[in-house]
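Engineer: You'll find model_32.tsv just under this line, and it carries TSV, C-alpha atoms.
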chain	number	residue	atom	x	y	z
A	236	MET	CA	265.54	279.46	7.90
A	237	GLN	CA	267.16	277.67	10.84
A	238	GLY	CA	265.56	274.78	12.66
A	239	LEU	CA	262.07	273.41	12.46
A	240	GLY	CA	260.80	276.14	14.76
A	241	GLY	CA	261.24	278.71	12.03
A	242	LEU	CA	259.41	276.75	9.38
A	243	GLY	CA	255.92	277.84	10.36
A	244	SER	CA	256.70	281.54	10.43
A	245	TRP	CA	258.59	281.22	7.13
A	246	VAL	CA	255.46	279.74	5.54
A	247	ASP	CA	253.47	282.61	7.08
A	248	GLN	CA	255.73	285.09	5.30
A	249	LEU	CA	255.55	283.19	2.02
A	250	ALA	CA	251.78	282.90	2.15
A	251	SER	CA	251.47	286.61	2.76
A	252	ALA	CA	254.00	287.64	0.11
A	253	LEU	CA	252.57	285.33	-2.54
A	254	ARG	CA	248.94	285.84	-1.46
A	255	LEU	CA	248.34	282.13	-1.40
A	256	PRO	CA	244.81	280.78	-1.28
A	257	GLN	CA	244.03	279.17	2.07
A	258	ALA	CA	243.98	275.62	0.69
A	259	GLN	CA	247.31	276.09	-1.06
A	260	GLU	CA	248.87	277.55	2.08
A	261	TYR	CA	247.66	274.53	4.07
A	262	ALA	CA	249.12	272.12	1.53
A	263	LEU	CA	252.44	273.99	1.44
A	264	ARG	CA	252.68	274.08	5.22
A	265	LEU	CA	251.87	270.40	5.52
A	266	CYS	CA	254.25	269.24	2.80
A	267	LEU	CA	257.16	271.33	4.09
A	268	GLU	CA	256.64	270.25	7.67
A	269	GLU	CA	256.43	266.58	6.76
A	270	ALA	CA	259.37	266.65	4.36
A	271	VAL	CA	261.72	268.61	6.59
A	272	ALA	CA	260.72	266.73	9.74
A	273	ASN	CA	261.31	263.46	7.95
A	274	VAL	CA	264.87	264.46	7.18
A	275	VAL	CA	265.59	265.88	10.63
A	276	MET	CA	264.04	262.99	12.56
A	277	HIS	CA	264.80	260.01	10.35
A	278	GLY	CA	267.59	261.01	7.98
A	279	GLU	CA	270.66	258.81	8.30
A	280	PRO	CA	273.94	260.75	8.21
A	281	ASP	CA	276.03	260.32	5.10
A	282	PRO	CA	279.75	260.86	5.88
A	283	GLY	CA	280.38	261.93	2.31
A	284	ALA	CA	277.50	264.32	2.18
A	285	ALA	CA	277.78	267.42	0.05
A	286	GLN	CA	275.74	269.37	2.62
A	287	ASP	CA	274.61	268.85	6.20
A	288	ALA	CA	271.61	271.16	6.20
A	289	VAL	CA	268.16	270.95	4.68
A	290	ALA	CA	267.68	273.43	1.87
A	291	VAL	CA	264.20	274.48	0.87
A	292	GLN	CA	263.28	276.47	-2.21
A	293	VAL	CA	259.79	277.60	-3.13
A	294	CYS	CA	259.05	279.12	-6.52
A	295	GLY	CA	255.67	280.70	-7.05
A	296	ALA	CA	253.90	280.47	-10.38
A	297	PRO	CA	250.39	281.56	-11.27
A	298	ASP	CA	249.00	278.05	-11.26
A	299	ALA	CA	251.15	276.26	-8.72
A	300	LEU	CA	254.03	276.37	-6.27
A	301	HIS	CA	257.15	274.43	-7.11
A	302	VAL	CA	258.96	273.26	-4.00
A	303	THR	CA	262.42	271.71	-3.80
A	304	ILE	CA	263.80	270.15	-0.62
A	305	GLU	CA	267.40	268.97	-0.58
A	306	ASP	CA	269.40	267.22	2.11
A	307	GLY	CA	272.72	265.42	2.36
A	308	CYS	CA	271.53	262.40	4.29
A	309	ALA	CA	271.83	258.84	3.02
A	310	ALA	CA	269.73	258.15	-0.06
A	311	PHE	CA	266.04	257.94	0.79
A	312	ASP	CA	263.28	257.87	-1.79
A	313	PRO	CA	259.97	258.65	-0.07
A	314	LEU	CA	258.07	257.62	-3.18
A	315	ARG	CA	259.21	254.05	-2.69
A	316	GLN	CA	257.78	253.81	0.80
A	317	PRO	CA	254.59	251.76	1.03
A	318	ALA	CA	251.45	253.62	1.92
A	319	PRO	CA	250.23	252.78	5.42
A	320	GLY	CA	246.91	251.02	5.65
A	321	GLY	CA	243.94	252.66	7.29
A	322	ARG	CA	244.28	252.87	11.03
A	323	ARG	CA	242.27	250.18	12.79
A	324	SER	CA	243.50	250.28	16.37
A	325	LEU	CA	244.81	252.79	18.88
A	326	GLU	CA	247.58	250.33	19.63
A	327	GLU	CA	249.08	250.71	16.17
A	328	GLU	CA	252.19	252.83	15.69
A	329	PRO	CA	250.92	256.42	16.07
A	330	GLY	CA	253.19	257.92	13.41
A	331	GLY	CA	254.20	257.12	9.88
A	332	TRP	CA	251.67	259.25	8.05
A	333	GLY	CA	253.90	262.04	6.84
A	334	ILE	CA	254.69	260.71	3.40
A	335	GLN	CA	251.14	259.60	2.78
A	336	LEU	CA	249.84	263.07	3.69
A	337	MET	CA	252.35	264.64	1.31
A	338	ARG	CA	251.09	262.36	-1.44
A	339	GLN	CA	247.60	263.56	-0.74
A	340	PHE	CA	248.32	267.27	-0.53
A	341	ALA	CA	250.82	267.65	-3.36
A	342	ALA	CA	249.70	267.55	-6.97
A	343	SER	CA	252.94	265.81	-7.86
A	344	MET	CA	256.07	264.51	-6.17
A	345	ALA	CA	259.40	263.50	-7.65
A	346	TYR	CA	262.65	262.26	-6.14
A	347	GLN	CA	266.20	262.34	-7.43
A	348	ARG	CA	269.56	261.47	-5.94
A	349	VAL	CA	271.92	264.09	-7.32
A	350	ASN	CA	275.61	264.32	-6.41
A	351	GLY	CA	275.09	262.77	-3.00
A	352	THR	CA	272.02	264.86	-2.28
A	353	ASN	CA	268.41	263.81	-1.87
A	354	ARG	CA	266.23	266.13	-3.93
A	355	LEU	CA	262.48	266.02	-3.43
A	356	THR	CA	260.41	268.22	-5.71
A	357	LEU	CA	256.75	268.93	-5.13
A	358	THR	CA	254.10	270.76	-7.06
A	359	ILE	CA	251.31	272.28	-5.00
A	360	GLY	CA	248.28	273.49	-6.88
A	361	ARG	CA	246.18	276.48	-5.98
A	362	GLU	CA	243.37	274.20	-4.87
A	363	GLY	CA	245.66	272.61	-2.30
A	364	GLY	CA	245.05	269.16	-0.93
A	365	ASP	CA	243.71	265.88	-2.11
A	366	GLY	CA	245.86	266.07	-5.19
A	367	GLU	CA	245.53	262.90	-7.15
A	368	GLY	CA	247.63	264.23	-9.98
A	369	THR	CA	250.63	262.77	-11.68
A	370	ARG	CA	253.48	261.62	-9.49
A	371	GLY	CA	256.75	261.66	-11.33
A	372	GLU	CA	259.77	259.77	-10.14
A	373	GLY	CA	263.27	260.82	-10.96
A	374	GLY	CA	266.58	259.01	-11.18
A	375	HIS	CA	267.47	256.87	-8.22
A	376	GLY	CA	271.19	256.20	-8.43
A	377	LYS	CA	274.00	258.43	-7.33
A	378	SER	CA	275.28	260.54	-10.14
B	88	MET	CA	249.01	276.37	20.50
B	89	ARG	CA	246.72	276.87	23.48
B	90	MET	CA	244.62	274.45	25.52
B	91	GLN	CA	241.81	275.20	27.93
B	92	THR	CA	239.58	272.72	29.67
B	93	GLU	CA	236.02	272.84	30.91
B	94	GLU	CA	233.60	270.36	32.43
B	95	VAL	CA	230.63	270.11	30.07
B	96	ALA	CA	228.78	267.37	32.00
B	97	PRO	CA	229.46	265.52	35.23
B	98	GLY	CA	232.74	263.68	34.74
B	99	VAL	CA	233.07	264.84	31.13
B	100	THR	CA	235.94	267.17	30.23
B	101	LYS	CA	236.13	269.18	27.04
B	102	ALA	CA	239.64	270.27	26.05
B	103	ASN	CA	239.62	273.23	23.71
B	104	LEU	CA	242.67	273.47	21.50
B	105	ALA	CA	243.43	276.60	19.50
B	106	GLY	CA	246.17	277.30	17.00
B	107	ARG	CA	248.27	275.09	14.77
B	108	LEU	CA	248.87	271.50	15.73
B	109	ASP	CA	252.12	271.42	13.78
B	110	ILE	CA	255.45	270.23	15.20
B	111	GLY	CA	255.82	273.27	17.43
B	112	GLY	CA	252.18	273.16	18.47
B	113	ALA	CA	252.33	269.47	19.27
B	114	GLN	CA	255.44	269.99	21.37
B	115	ALA	CA	253.79	272.86	23.23
B	116	VAL	CA	250.63	270.96	24.05
B	117	ASP	CA	252.01	267.46	24.61
B	118	LEU	CA	252.80	267.85	28.30
B	119	PRO	CA	249.53	269.42	29.45
B	120	PHE	CA	247.58	267.11	27.15
B	121	ASN	CA	249.37	264.05	28.50
B	122	VAL	CA	248.56	265.15	32.04
B	123	LEU	CA	244.93	265.62	31.04
B	124	THR	CA	244.56	262.26	29.30
B	125	ALA	CA	246.23	260.50	32.21
B	126	SER	CA	243.52	261.80	34.52
B	127	SER	CA	240.48	261.62	32.20
B	128	ARG	CA	238.05	258.84	31.43
B	129	ALA	CA	235.58	260.89	29.38
B	130	LEU	CA	237.28	263.43	27.13
B	131	ILE	CA	236.04	265.56	24.25
B	132	LEU	CA	238.83	267.15	22.23
B	133	ASP	CA	237.44	270.32	20.68
B	134	LEU	CA	239.31	271.02	17.43
B	135	SER	CA	237.07	273.81	16.16
B	136	GLU	CA	239.83	276.40	16.72
B	137	VAL	CA	242.65	274.24	15.36
B	138	GLU	CA	243.58	275.64	11.96
B	139	PHE	CA	246.24	273.10	10.98
B	140	ILE	CA	247.24	269.55	11.75
B	141	ALA	CA	249.96	267.30	10.36
B	142	SER	CA	251.41	263.96	11.37
B	143	MET	CA	252.92	265.14	14.65
B	144	GLY	CA	249.52	266.44	15.70
B	145	LEU	CA	247.92	263.14	14.72
B	146	ARG	CA	250.46	261.42	16.93
B	147	THR	CA	249.48	263.62	19.87
B	148	ILE	CA	245.82	262.74	19.37
B	149	ILE	CA	246.38	259.01	18.95
B	150	LEU	CA	248.63	258.74	22.00
B	151	GLY	CA	246.15	260.72	24.08
B	152	ALA	CA	243.21	258.57	23.01
B	153	ARG	CA	245.26	255.45	23.72
B	154	THR	CA	246.01	256.65	27.25
B	155	VAL	CA	242.33	257.30	27.90
B	156	ALA	CA	241.25	253.98	26.36
B	157	ARG	CA	243.75	251.96	28.38
B	158	LYS	CA	241.96	253.14	31.52
B	159	GLY	CA	238.63	252.05	30.09
B	160	GLY	CA	237.70	255.60	29.11
B	161	ARG	CA	236.69	257.22	25.83
B	162	MET	CA	237.86	260.20	23.82
B	163	VAL	CA	236.19	261.78	20.81
B	164	LEU	CA	237.07	264.62	18.46
B	165	TYR	CA	234.69	267.54	18.20
B	166	ARG	CA	234.02	269.84	15.27
B	167	PRO	CA	237.30	269.95	13.33
B	168	VAL	CA	237.44	272.48	10.50
B	169	ALA	CA	237.23	270.99	7.00
B	170	ALA	CA	240.96	270.94	6.23
B	171	VAL	CA	241.81	269.36	9.57
B	172	GLU	CA	238.99	266.85	9.19
B	173	ALA	CA	240.37	265.84	5.78
B	174	VAL	CA	243.71	264.94	7.39
B	175	LEU	CA	241.98	263.05	10.21
B	176	ILE	CA	239.95	261.02	7.72
B	177	SER	CA	242.71	260.34	5.22
B	178	SER	CA	244.96	259.01	7.99
B	179	GLY	CA	242.21	256.80	9.36
B	180	THR	CA	242.32	258.60	12.69
B	181	ASP	CA	238.54	258.85	12.65
B	182	ASN	CA	238.40	255.03	12.59
B	183	VAL	CA	239.76	254.90	16.12
B	184	VAL	CA	238.81	258.32	17.54
B	185	PRO	CA	235.30	259.27	16.38
B	186	ILE	CA	234.58	262.72	14.98
B	187	LEU	CA	231.33	264.25	16.23
B	188	ARG	CA	229.74	267.61	15.52
B	189	ASP	CA	227.02	267.72	18.16
B	190	LEU	CA	228.03	268.35	21.76
B	191	ASP	CA	225.24	266.32	23.32
B	192	GLU	CA	226.14	263.41	21.08
B	193	ALA	CA	229.79	263.79	22.03
B	194	ILE	CA	228.92	263.77	25.71
B	195	ARG	CA	226.86	260.62	25.25
B	196	ALA	CA	229.66	258.98	23.28
B	197	VAL	CA	232.25	259.44	26.00
B	198	SER	CA	229.85	258.83	28.86
B	199	GLY	CA	228.63	255.46	27.62
Would you give me this structure, written as structure tokens?
Structural biologist:
Amino acid sequence: MQGLGGLGSWVDQLASALRLPQAQEYALRLCLEEAVANVVMHGEPDPGAAQDAVAVQVCGAPDALHVTIEDGCAAFDPLRQPAPGGRRSLEEEPGGWGIQLMRQFAASMAYQRVNGTNRLTLTIGREGGDGEGTRGEGGHGKS
Amino acid sequence: MRMQTEEVAPGVTKANLAGRLDIGGAQAVDLPFNVLTASSRALILDLSEVEFIASMGLRTIILGARTVARKGGRMVLYRPVAAVEAVLISSGTDNVVPILRDLDEAIRAVSG
């Protein structure tokens, strides 16, 4: 997969191959788009990075998808970002909802900093969005 | 991502979006949508054929509604599918751009 432009068609292929329910496909598409876009648009370069690409792995299981997204940008734990408040005005910043939407659509999220790499792991249930499940949080320091 | 427009009442434009309002979709529709919002004071954004939306699509909607509002106009969202509506509600987008399911009501809302 190269570039954000290929992400949508890659999810199409996955959804077809794994015969994902519609809600699970939606949640997968949303979480991947938000996570990868966050790295590409906001990731701060790390000169000592082990990798300069975003690596995505999706493992299908009968009850859930297990998604891992890794990047070599500076350490960034999305789970530590405050949730935005409800929008009250059109004049507010129009973005900033990606992480909150991931929280909603993933059954669980966990972050680890491993050997200079950000590793975000997501579990996406067959029922898809509005997951209010457990949200694990992994180690935070460089190892 | 495709966009077509029609006049559904005097001075009221309905923009019909179809496809995925993901990053690629938002990029594809941003320019024509910006042109439309810059010239509209009463705009109904029909989302009934939009199958997906994420934060970049929300941004497109918010910026469009802001452009219309700054001219003293109004924009509403019309008939999003359930999954798209869930994203609109959870992000609070519906607080600032109303979601309506009846066309006459939508026309009244933007005409007022």
Engineer: Excluding same-chain residues fewer than 2 positions from Val183 in chain B, what lies within 10 Å of it counting all atoms listed in the file, as a PyMOL selection string?
Structural biologist: (chain A and resi 322-326) or (chain B and resi 149+152-153+162-163+179-181+185-186)
Engineer: What are the residues of chain A lining chain B at 8 Å or less? Count all atoms listed in the file, and put the answer as a PyMOL selection string.
Structural biologist: chain A and resi 239-240+258+261+265+268-269+321-326+329-333+336
Engineer: Step by step, gather every atom of range 162-169 of chain B that the file lists, find the box along x, y and z that holds them, add 4 Å on each side, and finally give centre and edge lengths in Å to one decimal, as JSON.
Structural biologist:
{"center_x": 235.9, "center_y": 266.3, "center_z": 15.4, "size_x": 11.8, "size_y": 20.3, "size_z": 24.8}
Engineer: Suppose you want the space between CA of Leu164 in chain B and CA of Ile131 in chain B; what is it in Å?
Structural biologist: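 Going from CA of Leu164 in chain B over to CA of Ile131 in chain B covers 6.0 Å.
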Engineer: Please, what distance in Å, to one decimal, runs between CA of Gly307 in chain A and CA of Gly360 in chain A?
Structural biologist: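 Going from CA of Gly307 in chain A over to CA of Gly360 in chain A, I get 27.3 Å.
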Engineer: Do you have the CA of Thr358 in chain A-CA of Pro256 in chain A distance handy?
Structural biologist: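 So the answer is 14.8 Å.
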Engineer: Contacts of Asp247 in chain A at 9 Å or less, counting all atoms listed in the file, minus same-chain residues fewer than 4 places along, as a ChimeraX atom specification?
Structural biologist: /A:242-243,251-252,260,264
Engineer: Here is a test: counting only C-alpha atoms, which residue of B:Ile194, B:Ala113, B:Leu132, B:Val137 is nearest to Gly98 in chain B?
Structural biologist: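 Ranking B:Ile194, B:Ala113, B:Leu132, B:Val137 by distance to Gly98 in chain B, first place goes to B:Ile194.
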Engineer: Determine, counting only C-alpha atoms, which protein, DNA and RNA residues have an atom within 12 Å of an atom of Pro119 in chain B; residues of the same chain fewer than 3 positions away are not included. Present the result as a PyMOL selection string.
Structural biologist: chain B and resi 88-92+102+104+112-116+122-126+147+151
Engineer: Pick out the residues sitting within 8 Å of Arg161 in chain B, and hand them over as a list in words; count all atoms listed in the file, and ignore anything fewer than 5 positions along from it in its own chain.
Structural biologist: Arg128, Ala129, Leu130, Ala152, Val155, Ala156, Ala196, Val197 and Ser198 of chain B
